[in-house]
>>> print(open('query-v5.txt').read())   # compact mmCIF, C-alpha atoms
# COMPACT_ATOMS: atom_id res chain seq x y z
CA MET A 1 0.00 0.00 0.00
CA SER A 2 1.20 3.50 -0.75
CA GLU A 3 1.52 6.27 1.80
CA LEU A 4 -1.39 8.65 2.23
CA SER A 5 -1.02 12.15 0.87
CA THR A 6 -1.25 15.14 3.19
CA ASN A 7 -4.81 15.85 2.02
CA GLU A 8 -5.83 12.24 2.65
CA LYS A 9 -4.30 12.33 6.13
CA GLU A 10 -6.16 15.56 6.92
CA LEU A 11 -9.40 14.05 5.64
CA ALA A 12 -8.87 10.92 7.73
CA GLU A 13 -8.16 13.01 10.85
CA SER A 14 -11.25 15.16 10.22
CA VAL A 15 -13.46 12.10 9.84
CA LYS A 16 -11.90 10.56 12.95
CA ALA A 17 -12.63 13.75 14.92
CA LEU A 18 -16.25 13.75 13.74
CA ILE A 19 -16.71 10.14 14.82
CA ILE A 20 -15.14 10.75 18.23
CA GLY A 21 -17.29 13.86 18.73
CA ALA A 22 -20.46 11.99 17.83
CA LYS A 23 -19.54 9.12 20.18
CA ASN A 24 -19.00 11.58 23.02
CA LYS A 25 -22.35 13.27 22.37
CA VAL A 26 -24.11 9.90 22.35
CA ALA A 27 -22.45 8.93 25.65
CA VAL A 28 -23.57 12.20 27.29
CA TYR A 29 -27.13 11.77 25.99
CA VAL A 30 -27.35 8.14 27.12
CA ASN A 31 -26.02 8.99 30.58
CA ALA A 32 -28.57 11.79 30.94
CA GLU A 33 -31.41 9.52 29.84
CA LEU A 34 -30.32 6.74 32.21
CA THR A 35 -30.14 9.21 35.08
CA MET A 36 -33.68 10.38 34.37
CA LEU A 37 -34.87 6.78 34.01
CA TYR A 38 -33.44 5.76 37.38
CA TRP A 39 -34.77 8.90 39.03
CA THR A 40 -38.25 8.25 37.61
CA ILE A 41 -38.18 4.62 38.76
CA GLY A 42 -37.21 5.80 42.26
CA TYR A 43 -39.99 8.37 42.17
CA TYR A 44 -42.56 5.73 41.19
CA ILE A 45 -41.36 3.38 43.91
CA ASN A 46 -41.54 6.16 46.48
CA SER A 47 -44.94 7.42 45.31
CA TYR A 48 -46.85 4.26 44.47
CA ILE A 49 -45.27 1.53 46.57
CA LEU A 50 -43.98 3.37 49.64
CA GLU A 51 -46.67 6.09 49.42
CA GLY A 52 -44.12 8.77 50.25
CA ASN A 53 -42.86 7.00 53.40
CA ARG A 54 -39.37 5.69 53.97
CA ALA A 55 -38.91 1.95 53.80
CA GLU A 56 -37.95 0.35 57.09
CA TYR A 57 -34.53 -0.71 55.78
CA SER A 58 -33.70 2.89 54.84
CA LYS A 59 -34.36 4.02 58.42
CA ALA A 60 -31.78 1.54 59.64
CA ILE A 61 -29.28 2.67 57.00
CA ILE A 62 -29.74 6.34 57.93
CA LYS A 63 -29.34 5.50 61.63
CA ASN A 64 -26.13 3.55 60.98
CA LEU A 65 -24.68 6.31 58.79
CA ALA A 66 -25.43 8.94 61.40
>>> encode(input="query-v5.txt", output="structure tokens")
Amino acid sequence: MSELSTNEKELAESVKALIIGAKNKVAVYVNAELTMLYWTIGYYINSYILEGNRAEYSKAIIKNLA
């Protein structure tokens, strides 16, 4: 295989930078969505299952941490 020309190297680096940038944006978006998902699940558990009260095990955890 022959060596890449300067223009081809620049093109390859530009494409590489675009791919890396897109991957980073996807990672940030996915992390944000997962955070909201977990928060919403916790909210539903607190609202519908625990009816706004602390679970007994959490009282023990808080006491031990204090």
>>> atom_distance(input="query-v5.txt", atom1="atom CA of A:Ile45", atom2="atom CA of A:Asn64")
22.9 Å
>>> atom_distance(input="query-v5.txt", atom1="atom CA of A:Gly52", atom2="atom CA of A:Ala32")
25.0 Å
>>> atom_distance(input="query-v5.txt", atom1="atom CA of A:Leu34", atom2="atom CA of A:Ile49")
21.4 Å
>>> decode(input="query-v5.txt", residues="chain A", atoms="C-alpha atoms", output="compact mmCIF listing (two decimals), in the first residue's frame")
# COMPACT_ATOMS: atom_id res chain seq x y z
CA MET A 1 0.00 0.00 0.00
CA SER A 2 1.20 3.50 -0.75
CA GLU A 3 1.52 6.27 1.80
CA LEU A 4 -1.39 8.65 2.23
CA SER A 5 -1.02 12.15 0.87
CA THR A 6 -1.25 15.14 3.19
CA ASN A 7 -4.81 15.85 2.02
CA GLU A 8 -5.83 12.24 2.65
CA LYS A 9 -4.30 12.33 6.13
CA GLU A 10 -6.16 15.56 6.92
CA LEU A 11 -9.40 14.05 5.64
CA ALA A 12 -8.87 10.92 7.73
CA GLU A 13 -8.16 13.01 10.85
CA SER A 14 -11.25 15.16 10.22
CA VAL A 15 -13.46 12.10 9.84
CA LYS A 16 -11.90 10.56 12.95
CA ALA A 17 -12.63 13.75 14.92
CA LEU A 18 -16.25 13.75 13.74
CA ILE A 19 -16.71 10.14 14.82
CA ILE A 20 -15.14 10.75 18.23
CA GLY A 21 -17.29 13.86 18.73
CA ALA A 22 -20.46 11.99 17.83
CA LYS A 23 -19.54 9.12 20.18
CA ASN A 24 -19.00 11.58 23.02
CA LYS A 25 -22.35 13.27 22.37
CA VAL A 26 -24.11 9.90 22.35
CA ALA A 27 -22.45 8.93 25.65
CA VAL A 28 -23.57 12.20 27.29
CA TYR A 29 -27.13 11.77 25.99
CA VAL A 30 -27.35 8.14 27.12
CA ASN A 31 -26.02 8.99 30.58
CA ALA A 32 -28.57 11.79 30.94
CA GLU A 33 -31.41 9.52 29.84
CA LEU A 34 -30.32 6.74 32.21
CA THR A 35 -30.14 9.21 35.08
CA MET A 36 -33.68 10.38 34.37
CA LEU A 37 -34.87 6.78 34.01
CA TYR A 38 -33.44 5.76 37.38
CA TRP A 39 -34.77 8.90 39.03
CA THR A 40 -38.25 8.25 37.61
CA ILE A 41 -38.18 4.62 38.76
CA GLY A 42 -37.21 5.80 42.26
CA TYR A 43 -39.99 8.37 42.17
CA TYR A 44 -42.56 5.73 41.19
CA ILE A 45 -41.36 3.38 43.91
CA ASN A 46 -41.54 6.16 46.48
CA SER A 47 -44.94 7.42 45.31
CA TYR A 48 -46.85 4.26 44.47
CA ILE A 49 -45.27 1.53 46.57
CA LEU A 50 -43.98 3.37 49.64
CA GLU A 51 -46.67 6.09 49.42
CA GLY A 52 -44.12 8.77 50.25
CA ASN A 53 -42.86 7.00 53.40
CA ARG A 54 -39.37 5.69 53.97
CA ALA A 55 -38.91 1.95 53.80
CA GLU A 56 -37.95 0.35 57.09
CA TYR A 57 -34.53 -0.71 55.78
CA SER A 58 -33.70 2.89 54.84
CA LYS A 59 -34.36 4.02 58.42
CA ALA A 60 -31.78 1.54 59.64
CA ILE A 61 -29.28 2.67 57.00
CA ILE A 62 -29.74 6.34 57.93
CA LYS A 63 -29.34 5.50 61.63
CA ASN A 64 -26.13 3.55 60.98
CA LEU A 65 -24.68 6.31 58.79
CA ALA A 66 -25.43 8.94 61.40
